[in-house]
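To start, the structure under review is shown below, and the notes come after it.
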Amino acid sequence: MGDGAGAGDGVDAGVRRFAVIWAAQLLSIVGSSLTGFVLGVWVYQRTGSATQFTLIMLCAVLPEVLLSQLAGAAADRMDRRRLLMAADAGAAVVTLVLAVLLATGSLQVWHVYVVTAAGAVFGTFHMAAYHSMMPLIMPSRHLGRANGLMQVADAVNIAAPLLAGTLLVTVGITGVVVADLVTFLVTMAVMSAVRLPPEVTRPGA
């Protein structure tokens, strides 16, 4: 199988693949985190209810709790690149619907619940494919560094409220959602363009 990136691929090629995909995925994770937080703020501003805000956050977390094993099994049996791109495409469609609702002034609180839950479902499958694939891209001697970089996503989620607050003032919720949609498009373009060895994308290859 080679040094974690396929026989004959070389260490440098594996590192470059990892860096490009990691950067694109981090961008997408940032966008999704920002959108999730500003939607909660939007609901709180409209309803004045801390309970509603908490329920929105629950909608973002519960799908991962319920579907993580199913998503992991899918990542172990399916083409991981296709699974990741399908999850991103689904999340992009959800975000596009949200952007249209905002642009037309049609967004309602119940829409936010549905959009948040649907986005979280796609996000769960996305992360399962991502975490299954990335260690296979990076050469084995760099796996410690790779794991550290992948944990950056956790720090991003913690910092999201601060950045989201700034963006709400400068570009508004519609601007945040549109930026999130762009990150999905960038991620799908990167995943389509980067060449990956079969053993990275297909279990058992």
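Here's how to read the names in the structure tokens: chain A, B, ... by the order shown, residue numbers from 1 in each chain, ligand numbers from 1 in the order shown.
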Counting only C-alpha atoms, what is within 12 Å of His111 (chain A), bar same-chain residues fewer than 5 positions away, as a PyMOL selection string?
-> chain A and resi 39-40+42-43+56+59+94-95+97-102+106+116-119
Would you mind exporting N, CA, C and O atoms of the selected residues as an mmCIF file, in the first residue's frame?
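That gives us part-v4.cif:
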data_model
loop_
_atom_site.group_PDB
_atom_site.id
_atom_site.type_symbol
_atom_site.label_atom_id
_atom_site.label_comp_id
_atom_site.auth_asym_id
_atom_site.auth_seq_id
_atom_site.Cartn_x
_atom_site.Cartn_y
_atom_site.Cartn_z
ATOM 1 N N LEU A 39 -27.692 31.150 12.594
ATOM 2 C CA LEU A 39 -29.095 30.736 12.544
ATOM 3 C C LEU A 39 -29.685 30.692 13.949
ATOM 4 O O LEU A 39 -30.845 31.091 14.162
ATOM 5 N N GLY A 40 -28.899 30.204 14.902
ATOM 6 C CA GLY A 40 -29.366 30.210 16.284
ATOM 7 C C GLY A 40 -29.610 31.622 16.783
ATOM 8 O O GLY A 40 -30.609 31.896 17.462
ATOM 9 N N TRP A 42 -30.334 34.191 14.895
ATOM 10 C CA TRP A 42 -31.514 34.694 14.160
ATOM 11 C C TRP A 42 -32.799 34.245 14.856
ATOM 12 O O TRP A 42 -33.730 35.040 15.027
ATOM 13 N N VAL A 43 -32.842 32.978 15.252
ATOM 14 C CA VAL A 43 -34.028 32.454 15.949
ATOM 15 C C VAL A 43 -34.222 33.168 17.279
ATOM 16 O O VAL A 43 -35.345 33.553 17.641
ATOM 17 N N ILE A 56 -32.226 24.677 18.558
ATOM 18 C CA ILE A 56 -31.500 24.760 17.297
ATOM 19 C C ILE A 56 -30.128 24.101 17.435
ATOM 20 O O ILE A 56 -29.693 23.333 16.559
ATOM 21 N N CYS A 59 -30.562 20.411 17.358
ATOM 22 C CA CYS A 59 -30.770 19.914 15.994
ATOM 23 C C CYS A 59 -29.445 19.758 15.252
ATOM 24 O O CYS A 59 -29.313 18.921 14.364
ATOM 25 N N VAL A 94 -29.052 22.301 0.744
ATOM 26 C CA VAL A 94 -29.727 22.814 1.938
ATOM 27 C C VAL A 94 -29.377 24.287 2.159
ATOM 28 O O VAL A 94 -30.252 25.112 2.452
ATOM 29 N N THR A 95 -28.101 24.617 2.007
ATOM 30 C CA THR A 95 -27.666 26.002 2.201
ATOM 31 C C THR A 95 -28.246 26.913 1.128
ATOM 32 O O THR A 95 -28.604 28.069 1.413
ATOM 33 N N VAL A 97 -31.130 26.498 -0.396
ATOM 34 C CA VAL A 97 -32.540 26.709 -0.015
ATOM 35 C C VAL A 97 -32.626 27.782 1.066
ATOM 36 O O VAL A 97 -33.489 28.675 1.011
ATOM 37 N N LEU A 98 -31.726 27.699 2.037
ATOM 38 C CA LEU A 98 -31.699 28.702 3.108
ATOM 39 C C LEU A 98 -31.442 30.097 2.543
ATOM 40 O O LEU A 98 -32.102 31.072 2.943
ATOM 41 N N ALA A 99 -30.499 30.199 1.606
ATOM 42 C CA ALA A 99 -30.183 31.492 1.010
ATOM 43 C C ALA A 99 -31.388 32.065 0.261
ATOM 44 O O ALA A 99 -31.658 33.268 0.337
ATOM 45 N N VAL A 100 -32.117 31.205 -0.443
ATOM 46 C CA VAL A 100 -33.301 31.653 -1.172
ATOM 47 C C VAL A 100 -34.380 32.137 -0.208
ATOM 48 O O VAL A 100 -35.018 33.176 -0.430
ATOM 49 N N LEU A 101 -34.591 31.396 0.869
ATOM 50 C CA LEU A 101 -35.581 31.799 1.871
ATOM 51 C C LEU A 101 -35.224 33.154 2.481
ATOM 52 O O LEU A 101 -36.097 33.999 2.695
ATOM 53 N N LEU A 102 -33.946 33.355 2.738
ATOM 54 C CA LEU A 102 -33.509 34.636 3.290
ATOM 55 C C LEU A 102 -33.691 35.766 2.276
ATOM 56 O O LEU A 102 -34.180 36.852 2.611
ATOM 57 N N SER A 106 -38.717 34.896 3.272
ATOM 58 C CA SER A 106 -39.679 33.835 3.593
ATOM 59 C C SER A 106 -39.242 32.946 4.755
ATOM 60 O O SER A 106 -39.982 32.035 5.147
ATOM 61 N N THR A 116 -31.252 23.100 9.768
ATOM 62 C CA THR A 116 -30.165 22.738 10.682
ATOM 63 C C THR A 116 -30.029 21.229 10.809
ATOM 64 O O THR A 116 -28.922 20.677 10.750
ATOM 65 N N ALA A 117 -31.155 20.530 10.977
ATOM 66 C CA ALA A 117 -31.125 19.071 11.113
ATOM 67 C C ALA A 117 -30.629 18.413 9.829
ATOM 68 O O ALA A 117 -29.794 17.499 9.869
ATOM 69 N N ALA A 118 -31.128 18.879 8.682
ATOM 70 C CA ALA A 118 -30.706 18.301 7.404
ATOM 71 C C ALA A 118 -29.216 18.535 7.166
ATOM 72 O O ALA A 118 -28.479 17.625 6.742
ATOM 73 N N GLY A 119 -28.738 19.746 7.450
ATOM 74 C CA GLY A 119 -27.324 20.035 7.292
ATOM 75 C C GLY A 119 -26.467 19.177 8.206
ATOM 76 O O GLY A 119 -25.379 18.732 7.814
#
Non-local contacts of Phe53 (chain A) (12 Å; only C-alpha atoms; under 4 positions in same chain excluded) as a VMD selection string = chain A and resid 36 to 49 57 to 60 109 112 to 113 116
Dump as a PDB file, in the first residue's frame, selection limited to N, CA and C atoms:
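Result file is selection_11.pdb:
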ATOM      1  N   GLY A  36     -24.357  27.763  11.280  1.00  0.00           N
ATOM      2  CA  GLY A  36     -25.102  27.173  12.383  1.00  0.00           C
ATOM      3  C   GLY A  36     -25.297  28.146  13.534  1.00  0.00           C
ATOM      4  N   PHE A  37     -24.249  28.888  13.858  1.00  0.00           N
ATOM      5  CA  PHE A  37     -24.361  29.808  14.983  1.00  0.00           C
ATOM      6  C   PHE A  37     -25.269  30.994  14.647  1.00  0.00           C
ATOM      7  N   VAL A  38     -25.109  31.574  13.445  1.00  0.00           N
ATOM      8  CA  VAL A  38     -25.922  32.754  13.118  1.00  0.00           C
ATOM      9  C   VAL A  38     -27.398  32.391  12.978  1.00  0.00           C
ATOM     10  N   LEU A  39     -27.692  31.150  12.594  1.00  0.00           N
ATOM     11  CA  LEU A  39     -29.095  30.736  12.544  1.00  0.00           C
ATOM     12  C   LEU A  39     -29.685  30.692  13.949  1.00  0.00           C
ATOM     13  N   GLY A  40     -28.899  30.204  14.902  1.00  0.00           N
ATOM     14  CA  GLY A  40     -29.366  30.210  16.284  1.00  0.00           C
ATOM     15  C   GLY A  40     -29.610  31.622  16.783  1.00  0.00           C
ATOM     16  N   VAL A  41     -28.707  32.535  16.438  1.00  0.00           N
ATOM     17  CA  VAL A  41     -28.870  33.941  16.824  1.00  0.00           C
ATOM     18  C   VAL A  41     -30.123  34.521  16.163  1.00  0.00           C
ATOM     19  N   TRP A  42     -30.334  34.191  14.895  1.00  0.00           N
ATOM     20  CA  TRP A  42     -31.514  34.694  14.160  1.00  0.00           C
ATOM     21  C   TRP A  42     -32.799  34.245  14.856  1.00  0.00           C
ATOM     22  N   VAL A  43     -32.842  32.978  15.252  1.00  0.00           N
ATOM     23  CA  VAL A  43     -34.028  32.454  15.949  1.00  0.00           C
ATOM     24  C   VAL A  43     -34.222  33.168  17.279  1.00  0.00           C
ATOM     25  N   TYR A  44     -33.137  33.380  18.010  1.00  0.00           N
ATOM     26  CA  TYR A  44     -33.249  34.062  19.305  1.00  0.00           C
ATOM     27  C   TYR A  44     -33.737  35.500  19.126  1.00  0.00           C
ATOM     28  N   GLN A  45     -33.232  36.171  18.091  1.00  0.00           N
ATOM     29  CA  GLN A  45     -33.663  37.549  17.833  1.00  0.00           C
ATOM     30  C   GLN A  45     -35.143  37.619  17.479  1.00  0.00           C
ATOM     31  N   ARG A  46     -35.630  36.600  16.771  1.00  0.00           N
ATOM     32  CA  ARG A  46     -37.034  36.608  16.353  1.00  0.00           C
ATOM     33  C   ARG A  46     -37.980  36.186  17.463  1.00  0.00           C
ATOM     34  N   THR A  47     -37.523  35.291  18.322  1.00  0.00           N
ATOM     35  CA  THR A  47     -38.421  34.714  19.329  1.00  0.00           C
ATOM     36  C   THR A  47     -38.139  35.193  20.742  1.00  0.00           C
ATOM     37  N   GLY A  48     -36.913  35.633  21.003  1.00  0.00           N
ATOM     38  CA  GLY A  48     -36.531  36.008  22.357  1.00  0.00           C
ATOM     39  C   GLY A  48     -36.482  34.831  23.306  1.00  0.00           C
ATOM     40  N   SER A  49     -36.437  33.625  22.747  1.00  0.00           N
ATOM     41  CA  SER A  49     -36.498  32.412  23.562  1.00  0.00           C
ATOM     42  C   SER A  49     -35.147  31.711  23.583  1.00  0.00           C
ATOM     43  N   MET A  57     -29.452  24.360  18.525  1.00  0.00           N
ATOM     44  CA  MET A  57     -28.164  23.742  18.764  1.00  0.00           C
ATOM     45  C   MET A  57     -28.304  22.224  18.884  1.00  0.00           C
ATOM     46  N   LEU A  58     -29.410  21.772  19.476  1.00  0.00           N
ATOM     47  CA  LEU A  58     -29.659  20.336  19.603  1.00  0.00           C
ATOM     48  C   LEU A  58     -29.859  19.707  18.232  1.00  0.00           C
ATOM     49  N   CYS A  59     -30.562  20.411  17.358  1.00  0.00           N
ATOM     50  CA  CYS A  59     -30.770  19.914  15.994  1.00  0.00           C
ATOM     51  C   CYS A  59     -29.445  19.758  15.252  1.00  0.00           C
ATOM     52  N   ALA A  60     -28.466  20.563  15.619  1.00  0.00           N
ATOM     53  CA  ALA A  60     -27.159  20.491  14.979  1.00  0.00           C
ATOM     54  C   ALA A  60     -26.320  19.336  15.507  1.00  0.00           C
ATOM     55  N   VAL A 109     -39.077  30.304  11.554  1.00  0.00           N
ATOM     56  CA  VAL A 109     -38.327  29.575  12.584  1.00  0.00           C
ATOM     57  C   VAL A 109     -38.321  28.080  12.308  1.00  0.00           C
ATOM     58  N   VAL A 112     -35.688  26.892  10.024  1.00  0.00           N
ATOM     59  CA  VAL A 112     -34.347  26.805  10.599  1.00  0.00           C
ATOM     60  C   VAL A 112     -34.127  25.440  11.252  1.00  0.00           C
ATOM     61  N   TYR A 113     -35.146  24.928  11.921  1.00  0.00           N
ATOM     62  CA  TYR A 113     -35.029  23.591  12.513  1.00  0.00           C
ATOM     63  C   TYR A 113     -34.755  22.544  11.441  1.00  0.00           C
ATOM     64  N   THR A 116     -31.252  23.100   9.768  1.00  0.00           N
ATOM     65  CA  THR A 116     -30.165  22.738  10.682  1.00  0.00           C
ATOM     66  C   THR A 116     -30.029  21.229  10.809  1.00  0.00           C
TER      67      THR A 116
END
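In this model, the gap between CA of His126 (chain A) and CA of Val194 (chain A) comes to 17.1 Å.
When only C-alpha atoms are used to compute distances to Leu163 (chain A), the closest of the residues A:His142, A:Thr54, A:Ala103, A:Ser33 turns out to be A:Ser33.
Using only C-alpha atoms, the protein and nucleic acid residues lying no more than 8 Å from Gly72 (chain A), apart from those fewer than 3 places from it along its own chain, are A:Ser68, A:Gln69, A:Ala75, A:Asp76, A:Phe125, A:Ala128, A:Ala129.
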Prev. selection, N, CA, C and O atoms, output as a short mmCIF file (atom, residue, chain, number, x, y, z; two decimals), in the first residue's frame:
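Result saved to selection30.cif:
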data_model
loop_
_atom_site.label_atom_id
_atom_site.label_comp_id
_atom_site.auth_asym_id
_atom_site.auth_seq_id
_atom_site.Cartn_x
_atom_site.Cartn_y
_atom_site.Cartn_z
N SER A 68 -23.89 8.50 13.70
CA SER A 68 -22.44 8.37 13.56
C SER A 68 -22.02 6.94 13.20
O SER A 68 -21.13 6.75 12.35
N GLN A 69 -22.66 5.93 13.79
CA GLN A 69 -22.29 4.55 13.46
C GLN A 69 -22.67 4.20 12.03
O GLN A 69 -21.90 3.54 11.32
N ALA A 75 -18.72 4.88 5.34
CA ALA A 75 -17.36 5.26 4.96
C ALA A 75 -16.45 4.05 4.83
O ALA A 75 -15.46 4.09 4.08
N ASP A 76 -16.78 2.97 5.54
CA ASP A 76 -15.97 1.75 5.47
C ASP A 76 -16.32 0.87 4.27
O ASP A 76 -15.57 -0.03 3.92
N PHE A 125 -22.16 12.45 7.68
CA PHE A 125 -21.58 11.56 6.66
C PHE A 125 -20.31 12.17 6.07
O PHE A 125 -19.36 11.44 5.76
N ALA A 128 -17.49 11.52 8.57
CA ALA A 128 -17.10 10.10 8.59
C ALA A 128 -16.20 9.78 7.42
O ALA A 128 -15.16 9.10 7.58
N ALA A 129 -16.56 10.25 6.23
CA ALA A 129 -15.72 10.01 5.06
C ALA A 129 -14.38 10.74 5.19
O ALA A 129 -13.32 10.19 4.85
#
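Take the candidates A:Val15, A:Ala159, A:Ala92, A:Ala120 and check each one against Leu62 (chain A) using only C-alpha atoms; the shortest distance goes to A:Ala120.
The closest residue to Gly90 (chain A), picked from A:Val171, A:Met150, A:Leu185, A:Val200 and counting only C-alpha atoms, is A:Leu185.
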Given the choices A:Thr51, A:Glu199, A:Leu34, A:Asp180, which gets closest to Pro135 (chain A) if the distance is worked out from only C-alpha atoms?
-> A:Glu199
Rank A:Ile29, A:Ile137, A:Ala23, A:Ile158 by their smallest atom-to-atom distance to Asp88 (chain A), using only C-alpha atoms, and report the top residue only.
-> A:Ile29
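Each of A:Gln108, A:Gln52, A:Thr201, A:Thr166 was checked against Met134 (chain A) using only C-alpha atoms; the smallest atom-to-atom distance is that of A:Thr201.
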Suppose you want the space between CA of Ser32 (chain A) and CA of Ala189 (chain A); what is it in Å?
-> 17.1 Å
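What separates CA of Val20 (chain A) from CA of Ala73 (chain A) is a distance of 25.8 Å.
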What are the DSSP helix (DSSP H, G or I) residues of chain A, as an NGL selection string?
-> :A and (11-47 or 50-77 or 80-103 or 109-137 or 140-150 or 152-170 or 172-193 or 198-201)
